[in-house]
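Printed here is upload33.cif (mmCIF, C-alpha atoms):
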```
data_input
loop_
_atom_site.label_atom_id
_atom_site.label_comp_id
_atom_site.auth_asym_id
_atom_site.auth_seq_id
_atom_site.Cartn_x
_atom_site.Cartn_y
_atom_site.Cartn_z
CA MET E 579 0.00 0.00 0.00
CA ILE E 580 2.80 2.35 0.99
CA ARG E 581 4.59 1.53 -2.23
CA LEU E 582 1.47 2.35 -4.21
CA LYS E 583 1.18 5.78 -2.50
CA GLN E 584 4.84 6.47 -3.18
CA ALA E 585 4.36 5.54 -6.79
CA ILE E 586 1.34 7.86 -7.08
CA ALA E 587 3.29 10.71 -5.45
CA ILE E 588 6.19 10.22 -7.84
CA VAL E 589 3.85 10.19 -10.84
CA VAL E 590 2.05 13.36 -9.65
CA CYS E 591 5.35 15.17 -9.05
CA ALA E 592 6.52 14.18 -12.47
CA ILE E 593 3.32 15.12 -14.27
CA LEU E 594 2.35 18.38 -12.52
CA PRO E 595 5.19 20.49 -13.90
CA GLY E 596 4.35 19.09 -17.29
CA LEU E 597 0.72 20.11 -16.88
CA LEU E 598 1.83 23.64 -15.94
CA LEU E 599 4.12 23.76 -18.93
CA ALA E 600 1.23 22.71 -21.08
CA GLN E 601 -0.38 26.10 -20.46
CA THR E 602 0.13 28.35 -23.42
CA ALA E 603 1.67 31.81 -23.17
CA ASP E 604 -1.77 33.28 -23.87
CA GLU E 605 -3.26 31.28 -21.03
CA ARG E 606 -0.56 32.42 -18.64
CA ARG E 607 -0.92 36.05 -19.72
CA GLU E 608 -4.65 35.75 -19.15
CA LYS E 609 -4.06 34.35 -15.68
CA MET E 610 -1.81 37.32 -14.83
CA GLY E 611 -4.51 39.78 -15.85
CA ASN E 612 -3.49 43.40 -15.36
CA THR E 613 -0.15 42.48 -13.82
CA ILE E 614 1.28 42.66 -17.31
CA MET E 615 0.95 46.25 -18.43
CA ARG E 616 -0.65 47.13 -21.73
CA HIS E 617 -1.47 50.28 -23.65
CA PRO E 618 -4.95 51.52 -22.67
CA ASP E 619 -5.98 51.77 -26.34
CA GLY E 620 -4.72 48.28 -27.16
CA ARG E 621 -2.03 49.42 -29.59
CA LEU E 622 0.96 47.22 -30.26
CA GLY E 623 4.23 47.91 -28.52
CA ALA E 624 7.12 49.12 -30.64
CA LEU E 625 8.96 45.82 -30.21
CA ALA E 626 6.04 43.54 -30.96
CA PRO E 627 7.09 41.34 -33.91
CA GLU E 628 3.74 42.05 -35.58
CA ASN E 629 4.54 45.76 -35.42
CA LEU E 630 8.21 45.44 -36.37
CA ASN E 631 7.35 43.29 -39.38
CA LYS E 632 4.72 45.57 -40.88
CA PRO E 633 5.70 46.70 -44.36
CA ARG E 634 7.13 50.23 -44.25
CA PRO E 635 9.26 52.38 -46.52
CA ALA E 636 12.96 52.05 -45.72
CA ALA E 637 14.22 54.80 -43.43
CA PRO E 638 16.51 57.31 -45.20
CA PHE E 639 19.18 56.80 -42.52
CA ASN E 640 19.97 54.78 -39.45
CA LEU E 641 21.47 56.61 -36.52
CA THR E 642 22.33 53.49 -34.56
CA GLY E 643 25.62 54.16 -32.84
CA THR E 644 27.28 55.91 -29.96
CA TRP E 645 27.39 59.69 -30.19
CA PHE E 646 29.04 62.54 -28.32
CA VAL E 647 27.88 66.13 -28.42
CA ASP E 648 30.17 68.34 -30.50
CA LEU E 649 31.79 70.88 -28.19
CA SER E 650 34.71 71.60 -30.51
CA GLU E 651 33.62 75.22 -30.80
CA GLY E 652 33.54 75.69 -27.04
CA PHE E 653 32.25 73.95 -23.96
CA GLY E 654 29.40 76.43 -23.69
CA ARG E 655 27.82 74.83 -26.76
CA PHE E 656 26.05 72.38 -24.44
CA ARG E 657 23.63 75.24 -23.76
CA PHE E 658 20.66 76.06 -25.95
CA GLY E 659 21.30 79.81 -25.95
CA PRO E 660 22.23 82.50 -26.69
CA PRO E 661 20.47 83.54 -28.76
CA TYR E 662 17.47 83.38 -26.45
CA PRO E 663 13.85 84.11 -27.23
CA GLU E 664 11.94 86.91 -25.53
CA PHE E 665 11.09 85.53 -22.12
CA ILE E 666 7.86 86.61 -20.47
CA GLY E 667 6.32 86.59 -17.00
CA GLN E 668 8.13 84.61 -14.32
CA ALA E 669 10.47 83.10 -16.91
CA LYS E 670 11.81 86.59 -17.68
CA LEU E 671 12.62 87.15 -14.00
CA ASP E 672 14.11 83.67 -13.69
CA PHE E 673 16.25 84.16 -16.77
CA GLU E 674 17.59 87.47 -15.47
CA GLU E 675 18.38 85.91 -12.10
CA GLY E 676 20.19 83.07 -13.89
CA GLN E 677 22.28 85.56 -15.83
CA ARG E 678 23.19 87.42 -12.63
CA ALA E 679 24.15 84.15 -10.94
CA ALA E 680 26.33 83.15 -13.88
CA ALA E 681 28.11 86.51 -13.82
CA GLU E 682 28.77 86.07 -10.11
CA ARG E 683 29.75 82.42 -10.60
CA ARG E 684 27.21 81.12 -8.12
CA PRO E 685 24.95 78.11 -8.63
CA TYR E 686 21.36 78.74 -9.62
CA ARG E 687 18.63 76.13 -9.74
CA ASP E 688 21.09 73.28 -9.71
CA ALA E 689 18.33 70.72 -10.21
CA ILE E 690 20.48 68.28 -12.18
CA GLY E 691 23.12 68.44 -9.45
CA GLN E 692 20.42 67.46 -6.97
CA CYS E 693 19.67 64.32 -9.02
CA PHE E 694 16.58 65.61 -10.82
CA PRO E 695 16.56 64.28 -14.39
CA ALA E 696 18.07 66.65 -16.93
CA GLY E 697 15.10 66.06 -19.23
CA ILE E 698 14.67 67.14 -22.79
CA PRO E 699 16.44 69.12 -24.24
CA MET E 700 19.32 69.26 -21.72
CA ILE E 701 19.76 65.47 -21.56
CA MET E 702 20.93 65.57 -25.18
CA THR E 703 23.97 67.74 -24.45
CA ARG E 704 25.27 66.30 -21.20
CA VAL E 705 28.99 65.70 -21.54
CA TRP E 706 28.51 61.97 -21.77
CA PRO E 707 28.03 59.63 -24.73
CA ILE E 708 24.56 58.72 -25.97
CA ALA E 709 23.81 55.27 -27.40
CA MET E 710 21.14 55.28 -30.08
CA VAL E 711 19.46 52.21 -31.53
CA GLN E 712 17.14 52.62 -34.51
CA LEU E 713 14.56 50.01 -35.38
CA PRO E 714 11.75 50.28 -37.93
CA THR E 715 9.26 51.23 -35.21
CA VAL E 716 11.27 53.16 -32.66
CA ILE E 717 14.56 54.86 -31.87
CA TYR E 718 15.97 54.27 -28.41
CA MET E 719 18.34 56.87 -26.98
CA MET E 720 20.20 56.09 -23.80
CA SER E 721 22.36 58.82 -22.37
CA ASN E 722 25.27 57.61 -20.33
CA PHE E 723 24.32 60.43 -17.97
CA ASN E 724 22.23 58.64 -15.35
CA ASN E 725 21.26 56.16 -18.09
CA SER E 726 18.42 58.47 -19.01
CA PHE E 727 16.17 56.86 -21.57
CA ARG E 728 14.27 58.31 -24.51
CA GLN E 729 12.24 56.67 -27.23
CA ILE E 730 11.02 58.18 -30.46
CA PHE E 731 8.21 56.14 -31.95
CA LEU E 732 8.29 55.71 -35.72
CA ASP E 733 5.39 53.28 -36.07
CA GLY E 734 2.80 55.86 -37.02
CA ARG E 735 1.04 55.92 -33.69
CA GLU E 736 -0.95 58.86 -32.36
CA TYR E 737 -0.01 60.70 -29.18
CA SER E 738 -1.33 59.13 -26.02
CA ASP E 739 -4.52 60.35 -24.43
CA PRO E 740 -3.59 63.44 -22.36
CA ASN E 741 -5.64 62.06 -19.50
CA THR E 742 -3.84 58.73 -19.33
CA ILE E 743 -0.31 59.74 -20.27
CA ILE E 744 2.23 59.99 -17.49
CA TYR E 745 4.28 63.14 -17.89
CA THR E 746 8.01 62.43 -17.93
CA TYR E 747 11.20 64.48 -18.14
CA ASN E 748 11.86 63.31 -21.69
CA GLY E 749 8.19 63.38 -22.72
CA GLU E 750 6.48 61.39 -25.44
CA SER E 751 8.24 61.64 -28.79
CA ILE E 752 6.77 60.65 -32.14
CA GLY E 753 8.78 60.90 -35.34
CA HIS E 754 8.33 60.72 -39.07
CA PHE E 755 10.60 61.25 -42.04
CA GLU E 756 10.31 64.26 -44.32
CA GLY E 757 12.74 63.53 -47.15
CA ASP E 758 16.16 63.07 -45.55
CA THR E 759 15.06 64.64 -42.27
CA LEU E 760 13.61 62.86 -39.26
CA VAL E 761 11.12 65.14 -37.54
CA ALA E 762 10.43 64.20 -33.92
CA ASP E 763 7.83 66.07 -31.89
CA THR E 764 7.77 65.78 -28.14
CA ARG E 765 5.09 66.73 -25.64
CA TYR E 766 3.79 65.66 -22.20
CA ILE E 767 6.95 66.85 -20.48
CA GLU E 768 7.26 66.93 -16.69
CA THR E 769 7.89 70.46 -15.41
CA TYR E 770 8.90 69.84 -11.77
CA ASN E 771 12.43 71.17 -11.29
CA HIS E 772 12.96 70.84 -15.03
CA PHE E 773 14.93 73.77 -16.41
CA ILE E 774 16.73 74.77 -19.59
CA ASP E 775 20.21 76.31 -19.40
CA SER E 776 20.47 78.45 -16.25
CA GLY E 777 17.13 77.95 -14.54
CA ILE E 778 14.73 78.77 -17.39
CA PRO E 779 11.44 77.07 -16.47
CA ILE E 780 9.04 75.21 -18.72
CA SER E 781 5.26 74.83 -18.53
CA GLU E 782 3.00 71.95 -19.51
CA GLU E 783 2.59 73.71 -22.85
CA PHE E 784 6.27 73.16 -23.61
CA ARG E 785 6.82 71.41 -26.96
CA VAL E 786 10.02 70.37 -28.68
CA GLN E 787 10.50 69.63 -32.33
CA GLU E 788 13.79 68.03 -33.37
CA ARG E 789 14.75 67.99 -37.03
CA MET E 790 17.49 65.38 -37.44
CA ARG E 791 19.84 64.97 -40.38
CA MET E 792 22.95 62.92 -40.98
CA LEU E 793 25.97 64.72 -42.40
CA GLU E 794 29.41 63.70 -43.66
CA ASN E 795 28.43 60.14 -44.61
CA GLY E 796 26.85 59.48 -41.27
CA GLU E 797 29.74 60.74 -39.14
CA ILE E 798 27.80 63.74 -37.86
CA LEU E 799 24.27 63.88 -36.52
CA GLU E 800 22.70 67.33 -36.67
CA ILE E 801 19.56 68.24 -34.78
CA GLU E 802 17.77 71.54 -35.05
CA TYR E 803 15.73 72.27 -31.94
CA ILE E 804 12.53 74.28 -32.27
CA MET E 805 11.06 74.80 -28.82
CA THR E 806 7.83 76.57 -27.95
CA ASP E 807 6.24 77.42 -24.62
CA PRO E 808 3.72 80.26 -24.84
CA VAL E 809 3.65 80.55 -21.06
CA ASN E 810 7.36 81.31 -20.84
CA TRP E 811 8.56 82.85 -24.11
CA VAL E 812 7.40 84.42 -27.35
CA GLY E 813 7.53 82.41 -30.56
CA GLU E 814 10.10 79.72 -31.35
CA TRP E 815 13.37 79.14 -29.53
CA ARG E 816 15.68 77.66 -32.14
CA ASN E 817 19.11 76.14 -31.71
CA THR E 818 21.09 73.65 -33.78
CA LYS E 819 23.43 71.07 -32.27
CA GLN E 820 25.70 68.42 -33.73
CA TRP E 821 26.94 65.08 -32.42
CA LEU E 822 30.00 63.11 -33.51
CA ARG E 823 30.22 59.35 -33.73
CA ALA E 824 32.19 57.97 -30.77
CA ASP E 825 33.11 54.48 -31.95
CA THR E 826 35.78 53.83 -29.32
CA THR E 827 33.53 53.90 -26.29
CA ASP E 828 30.33 52.43 -24.89
CA ILE E 829 27.87 53.83 -22.44
CA GLY E 830 28.22 52.59 -18.87
CA GLU E 831 26.10 52.67 -15.79
CA VAL E 832 25.70 55.93 -13.91
CA GLU E 833 23.44 56.32 -10.90
CA CYS E 834 22.59 59.42 -8.90
CA LEU E 835 22.83 57.81 -5.45
CA PRO E 836 21.01 59.18 -2.41
CA ASP E 837 24.28 60.11 -0.74
CA LEU E 838 26.11 61.12 -3.89
CA ASN E 839 26.06 64.79 -3.00
CA ASP E 840 27.69 64.16 0.37
CA ASN E 841 30.88 63.87 -1.63
CA LEU E 842 30.27 66.68 -4.09
CA PRO E 843 30.83 70.11 -2.60
CA SER E 844 29.45 71.94 -5.63
CA THR E 845 26.05 70.30 -5.26
CA GLN E 846 25.82 71.14 -1.58
CA ALA E 847 26.50 74.75 -2.55
CA GLY E 848 23.85 74.55 -5.25
CA GLN E 849 20.80 73.46 -3.33
CA GLN E 850 19.12 76.85 -3.34
CA GLY E 851 16.34 77.87 -5.63
CA LEU E 852 14.66 74.52 -6.21
CA THR E 853 11.01 73.76 -5.70
CA ARG E 854 10.58 71.62 -2.61
CA MET X 202 54.13 76.07 -38.85
CA THR X 203 54.30 79.84 -38.61
CA ILE X 204 54.62 81.75 -35.35
CA LYS X 205 51.19 83.22 -36.03
CA THR X 206 49.63 79.78 -36.46
CA THR X 207 51.33 78.53 -33.33
CA GLY X 208 50.01 81.52 -31.44
CA ILE X 209 46.48 80.93 -32.66
CA ARG X 210 46.69 77.27 -31.66
CA LEU X 211 48.02 78.17 -28.22
CA LEU X 212 45.21 80.67 -27.77
CA ALA X 213 42.69 78.04 -28.84
CA ALA X 214 44.18 75.53 -26.43
CA ALA X 215 44.07 78.10 -23.63
CA ALA X 216 40.44 78.83 -24.43
CA LEU X 217 39.60 75.13 -24.28
CA LEU X 218 41.37 74.73 -20.93
CA SER X 219 39.51 77.67 -19.46
CA MET X 220 36.10 76.33 -20.43
CA PRO X 221 33.66 76.17 -17.60
CA ALA X 222 32.95 72.59 -16.66
CA LEU X 223 29.65 70.86 -16.19
CA ALA X 224 28.67 67.27 -16.23
CA HIS X 225 26.37 66.38 -13.38
CA HIS X 226 26.02 70.00 -12.22
CA SER X 227 27.60 73.43 -12.39
CA THR X 228 31.06 73.97 -10.90
CA SER X 229 30.59 77.70 -10.63
CA ALA X 230 30.81 77.41 -6.83
CA PHE X 231 34.57 76.78 -7.03
CA ASP X 232 37.21 79.49 -7.15
CA ASN X 233 39.23 78.35 -10.15
CA THR X 234 41.71 81.19 -9.73
CA LYS X 235 43.00 79.78 -6.46
CA VAL X 236 44.88 76.54 -5.79
CA VAL X 237 45.13 75.19 -2.24
CA ARG X 238 47.73 72.57 -1.33
CA ILE X 239 46.59 69.97 1.21
CA GLU X 240 49.08 67.52 2.69
CA GLY X 241 47.50 64.73 4.65
CA THR X 242 46.00 61.28 4.90
CA ILE X 243 43.35 59.80 2.66
CA THR X 244 40.24 58.80 4.58
CA GLN X 245 38.10 57.85 1.59
CA PHE X 246 38.41 57.42 -2.18
CA ARG X 247 35.22 56.72 -4.13
CA TRP X 248 35.74 55.52 -7.68
CA ILE X 249 32.18 55.74 -8.92
CA ASN X 250 30.03 57.32 -11.61
CA PRO X 251 29.17 60.09 -12.22
CA HIS X 252 31.99 61.57 -10.11
CA ALA X 253 34.89 60.17 -8.19
CA SER X 254 35.70 61.89 -4.92
CA ILE X 255 38.35 62.03 -2.23
CA LYS X 256 38.31 62.80 1.47
CA ILE X 257 41.60 63.86 2.97
CA ASP X 258 42.47 64.89 6.51
CA GLY X 259 45.45 67.23 6.51
CA ASP X 260 47.09 70.62 6.59
CA ALA X 261 45.96 73.15 4.02
CA SER X 262 48.09 75.97 2.63
CA GLU X 263 45.03 78.19 2.86
CA GLY X 264 41.75 77.89 4.69
CA THR X 265 41.03 75.37 7.39
CA ASP X 266 43.17 72.39 8.32
CA GLY X 267 41.29 69.14 8.83
CA LEU X 268 38.90 67.20 6.63
CA TRP X 269 38.42 68.20 2.99
CA THR X 270 36.02 66.68 0.46
CA ILE X 271 37.41 66.84 -3.06
CA GLU X 272 35.13 66.52 -6.04
CA MET X 273 36.53 64.90 -9.17
CA THR X 274 35.30 64.31 -12.68
CA ALA X 275 33.97 61.02 -14.06
CA PRO X 276 36.23 57.97 -13.65
CA ASN X 277 36.22 57.44 -17.44
CA SER X 278 37.81 60.87 -17.87
CA LEU X 279 40.20 60.32 -14.96
CA LEU X 280 41.41 57.08 -16.59
CA LEU X 281 42.63 59.14 -19.53
CA GLN X 282 44.60 61.26 -17.06
CA GLY X 283 46.29 58.22 -15.51
CA TRP X 284 44.00 57.61 -12.56
CA LYS X 285 42.97 54.08 -11.61
CA ARG X 286 40.67 52.53 -9.06
CA ASN X 287 43.71 51.66 -6.95
CA SER X 288 45.50 54.99 -7.28
CA LEU X 289 44.55 55.84 -3.71
CA ALA X 290 43.86 53.82 -0.60
CA THR X 291 42.68 54.82 2.85
CA GLY X 292 45.68 55.76 4.94
CA ASP X 293 47.84 56.93 2.03
CA LYS X 294 49.92 60.04 2.73
CA VAL X 295 49.48 62.32 -0.26
CA VAL X 296 49.46 65.93 -1.38
CA MET X 297 46.36 67.25 -3.12
CA PHE X 298 46.00 70.45 -5.15
CA VAL X 299 42.47 71.82 -5.31
CA ASN X 300 40.29 74.80 -6.19
CA PRO X 301 38.39 75.64 -2.98
CA LEU X 302 34.73 76.60 -2.81
CA LYS X 303 34.34 80.30 -3.48
CA ASN X 304 32.25 80.79 -0.38
CA SER X 305 33.73 78.74 2.40
CA VAL X 306 30.76 76.48 3.07
CA THR X 307 31.10 73.76 5.66
CA LEU X 308 29.71 70.59 4.16
CA ASN X 309 27.27 68.19 5.77
CA ASP X 310 30.07 66.16 7.33
CA GLY X 311 31.92 69.26 8.58
CA SER X 312 34.55 69.14 5.85
CA GLN X 313 35.73 71.89 3.51
CA GLY X 314 34.83 71.49 -0.14
CA ALA X 315 37.08 71.70 -3.19
CA LEU X 316 37.54 70.64 -6.80
CA TYR X 317 40.41 68.37 -7.83
CA VAL X 318 43.33 69.91 -9.73
CA GLY X 319 46.26 67.55 -9.10
CA ALA X 320 47.84 65.03 -6.73
CA ILE X 321 51.21 63.73 -5.60
CA LEU X 322 50.57 60.15 -4.60
CA ALA X 323 52.20 58.14 -1.82
CA ASP X 324 54.79 56.73 -4.22
CA GLY X 325 55.73 60.20 -5.44
CA SER X 326 53.97 59.92 -8.79
CA LYS X 327 52.12 62.98 -9.99
CA LEU X 328 48.69 63.25 -11.57
CA GLY X 329 47.07 66.40 -12.92
CA GLN X 330 48.60 69.81 -12.21
CA THR X 331 50.89 69.87 -9.20
CA ASP X 332 52.72 73.17 -9.68
CA GLY X 333 50.28 75.20 -7.64
CA THR X 334 48.39 76.53 -10.64
CA GLY X 335 45.44 75.36 -12.67
CA ALA X 336 41.70 75.07 -12.75
CA GLY X 337 39.99 71.81 -11.95
CA SER X 338 37.66 70.19 -14.41
CA ASP X 339 34.53 68.41 -13.43
CA ARG X 340 33.76 66.85 -16.74
#
```
Please rewrite the model in this file as structure tokens.
Amino acid sequence: MIRLKQAIAIVVCAILPGLLLAQTADERREKMGNTIMRHPDGRLGALAPENLNKPRPAAPFNLTGTWFVDLSEGFGRFRFGPPYPEFIGQAKLDFEEGQRAAAERRPYRDAIGQCFPAGIPMIMTRVWPIAMVQLPTVIYMMSNFNNSFRQIFLDGREYSDPNTIIYTYNGESIGHFEGDTLVADTRYIETYNHFIDSGIPISEEFRVQERMRMLENGEILEIEYIMTDPVNWVGEWRNTKQWLRADTTDIGEVECLPDLNDNLPSTQAGQQGLTR
Amino acid sequence: MTIKTTGIRLLAAAALLSMPALAHHSTSAFDNTKVVRIEGTITQFRWINPHASIKIDGDASEGTDGLWTIEMTAPNSLLLQGWKRNSLATGDKVVMFVNPLKNSVTLNDGSQGALYVGAILADGSKLGQTDGTGAGSDR
């Protein structure tokens, strides 16, 4: 009798895992319900094979590679001005205070130093390499600076519903090609302690258009920035940047640790002026 | 190469060296016209992204003797200057050259703050600028 029970137990142990394995991926996804996230409108993800394999015209260029912002004309080129647009309201006062602080060489709104994300557009000109991977449906950009992540969707999707989107420091970017230019428009950008250059604020109406071209047989990436924010400045704020291929490096891992600033005197001196 | 060309190149090089630095934050808080020499003992060396840093307890040529926290640039950039993860160890007797904070702020741990310019390590080897001049770079 005991031997029979042992035999049954052995058979059950041997069969059960097999029964579990017999469940299909669809069945397991169904069992997990909302644990697996999905787009509220049911659209395909950019990496879904069904999306990747849709027939599309070939992209005019592929910017896959590691890039480094071109500062050969001066380190100050990481900034997006001058020239600056006509600032208005609080932004005008903030800009003037930033200019005074720069002249006096004192920190002003050192949000990035306090581990707030640089956000678009400043993340693009940190003095760190950026890895870019272009697929038919999406371009991934990973800055080595705090491994900040951007994605520019190329799969023809619409912007997310403004009432379900989660605002982020790099926003939601959707791109399309116009001839040899990739035009990426970004919106839904988080404003909390998110500044451009020396403390210039942005509002929820902030929009960025990037017009990307490849020059010199793909050795140079050029992006013209056209930024609008009717709350903070008049008209378009334009600035063109270039990046150089950096084939002898890779991006690494960079974290802004909770105690990082204990060891960085400049950040302790730059805590003033942030929204708390 | 003509004298004029050489001059232009030297001017360009000087302009590049005097660029303000920024990677994780602004370094405008440091007085890059002043170099302080600190001779003392290493109490901490962090070789980590985005910035390496040093704590040294010693005698300063200017300012307060005692503990100093020295901010450095990214390890990847320091590697190109000859620094390695094992360049410093706790207890090493070294000489550091730094740009102090413009406004003498006492940091959270009671130390004085500064930006790395150069170092004479325990074995006598030199890294960075050790002639008492120079502006640190935090990029």
Stretch 320-322 of chain X surroundings by only C-alpha atoms, 7 Å radius, close-in-sequence under 5 positions cut, as a PDB file with C-alpha atoms, in the coordinates of the input:
```pdb
ATOM      1  CA  VAL X 295      49.480  62.320  -0.260  1.00  0.00           C
ATOM      2  CA  VAL X 296      49.460  65.930  -1.380  1.00  0.00           C
ATOM      3  CA  MET X 297      46.360  67.250  -3.120  1.00  0.00           C
ATOM      4  CA  PHE X 298      46.000  70.450  -5.150  1.00  0.00           C
ATOM      5  CA  LYS X 327      52.120  62.980  -9.990  1.00  0.00           C
ATOM      6  CA  LEU X 328      48.690  63.250 -11.570  1.00  0.00           C
ATOM      7  CA  GLY X 329      47.070  66.400 -12.920  1.00  0.00           C
ATOM      8  CA  THR X 331      50.890  69.870  -9.200  1.00  0.00           C
TER       9      THR X 331
END
```
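Nearest to X:His252 of all the residues X:Gly335, X:Gly325, X:Pro301, X:Pro276 is X:Pro276, based on all atoms listed in the file.
Minimum distance to X:Val237 across X:Ala275, X:Ile255, X:Leu281, X:Leu302 (counting all atoms listed in the file) occurs at X:Leu302.
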- Message: Report, in Å with one decimal, the straight-line distance from atom CA of E:Gly777 to atom CA of E:Gln846.
- Response: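 Going from atom CA of E:Gly777 over to atom CA of E:Gln846 covers 17.0 Å.
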List as a tab-separated table every residue of chain E that is in contact with chain X, defined as an atom at most 7 Å from one of its atoms (using all atoms listed in the file), together with the nearest atom pair and the distance in Å rounded to one decimal, sorted by chain and then rising number.
```
residue	atom	partner	partner_atom	distance
E:Gly652	CA	X:Leu217	CA	6.7
E:Phe653	CA	X:Met220	CA	5.7
E:Arg683	CA	X:Ser229	CA	4.8
E:Arg684	CA	X:Ala230	CA	5.3
E:Pro685	CA	X:Ser229	CA	6.0
E:Asp688	CA	X:His226	CA	6.4
E:Ile690	CA	X:His226	CA	5.8
E:Gly691	CA	X:His226	CA	4.3
E:Arg704	CA	X:Ala224	CA	6.1
E:Val705	CA	X:Ala224	CA	5.5
E:Val832	CA	X:Asn250	CA	5.1
E:Glu833	CA	X:Asn250	CA	6.7
E:Asp840	CA	X:Asn309	CA	6.8
E:Asn841	CA	X:Ser254	CA	6.2
E:Leu842	CA	X:Glu272	CA	5.2
E:Pro843	CA	X:Gly314	CA	4.9
E:Ser844	CA	X:Ala230	CA	5.8
E:Thr845	CA	X:His226	CA	7.0
E:Gln846	CA	X:Leu308	CA	7.0
E:Ala847	CA	X:Ala230	CA	6.6
```
- Message: Please compute the atom CA of E:Arg789-atom CA of E:Asp807 distance, one decimal, in Å.
- Response: 17.8 Å
- Query: When the PyMOL selection byres ((chain E and resi 727-736) around 8) is applied to the file above, which residues end up in the set, as a ChimeraX atom specification?
  - Reply: /E:624,629,714-721,725-726,737-738,748,750-754,762
Next, dump the selected residues to file, keeping only C-alpha atoms, as a PDB file, in the frame of the given file.
```pdb
ATOM      1  CA  ALA E 624       7.120  49.120 -30.640  1.00  0.00           C
ATOM      2  CA  ASN E 629       4.540  45.760 -35.420  1.00  0.00           C
ATOM      3  CA  PRO E 714      11.750  50.280 -37.930  1.00  0.00           C
ATOM      4  CA  THR E 715       9.260  51.230 -35.210  1.00  0.00           C
ATOM      5  CA  VAL E 716      11.270  53.160 -32.660  1.00  0.00           C
ATOM      6  CA  ILE E 717      14.560  54.860 -31.870  1.00  0.00           C
ATOM      7  CA  TYR E 718      15.970  54.270 -28.410  1.00  0.00           C
ATOM      8  CA  MET E 719      18.340  56.870 -26.980  1.00  0.00           C
ATOM      9  CA  MET E 720      20.200  56.090 -23.800  1.00  0.00           C
ATOM     10  CA  SER E 721      22.360  58.820 -22.370  1.00  0.00           C
ATOM     11  CA  ASN E 725      21.260  56.160 -18.090  1.00  0.00           C
ATOM     12  CA  SER E 726      18.420  58.470 -19.010  1.00  0.00           C
ATOM     13  CA  TYR E 737      -0.010  60.700 -29.180  1.00  0.00           C
ATOM     14  CA  SER E 738      -1.330  59.130 -26.020  1.00  0.00           C
ATOM     15  CA  ASN E 748      11.860  63.310 -21.690  1.00  0.00           C
ATOM     16  CA  GLU E 750       6.480  61.390 -25.440  1.00  0.00           C
ATOM     17  CA  SER E 751       8.240  61.640 -28.790  1.00  0.00           C
ATOM     18  CA  ILE E 752       6.770  60.650 -32.140  1.00  0.00           C
ATOM     19  CA  GLY E 753       8.780  60.900 -35.340  1.00  0.00           C
ATOM     20  CA  HIS E 754       8.330  60.720 -39.070  1.00  0.00           C
ATOM     21  CA  ALA E 762      10.430  64.200 -33.920  1.00  0.00           C
TER      22      ALA E 762
END
```
- What is the atom CA of E:Leu671 to atom CA of E:Asn810 distance in Å?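 Between atom CA of E:Leu671 and atom CA of E:Asn810 the gap works out to 10.4 Å.
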Using the chain letters and residue numbers of this document, give as a compact mmCIF listing (two decimals) with C-alpha atoms, in the coordinates of the input the residues selected by the PyMOL selection byres ((chain E and resi 745) around 6).
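Final output, saved to expr.txt:
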```txt
# COMPACT_ATOMS: atom_id res chain seq x y z
CA ILE E 744 2.23 59.99 -17.49
CA THR E 746 8.01 62.43 -17.93
CA TYR E 766 3.79 65.66 -22.20
CA ILE E 767 6.95 66.85 -20.48
CA GLU E 768 7.26 66.93 -16.69
```
- Determine the residue set returned by the PyMOL selection byres ((chain E and resi 790) around 6) for the present structure, and present it as a PyMOL selection string. chain E and resi 759-760+789+791+800-801
- For E:Met805, list every protein, DNA or RNA residue within 12 Å, evaluated using all atoms listed in the file, and leave out those in the same chain fewer than 5 positions away; present the list as a ChimeraX atom specification. /E:658-659,662-663,698-699,762-765,774,780-781,783-789,810-818
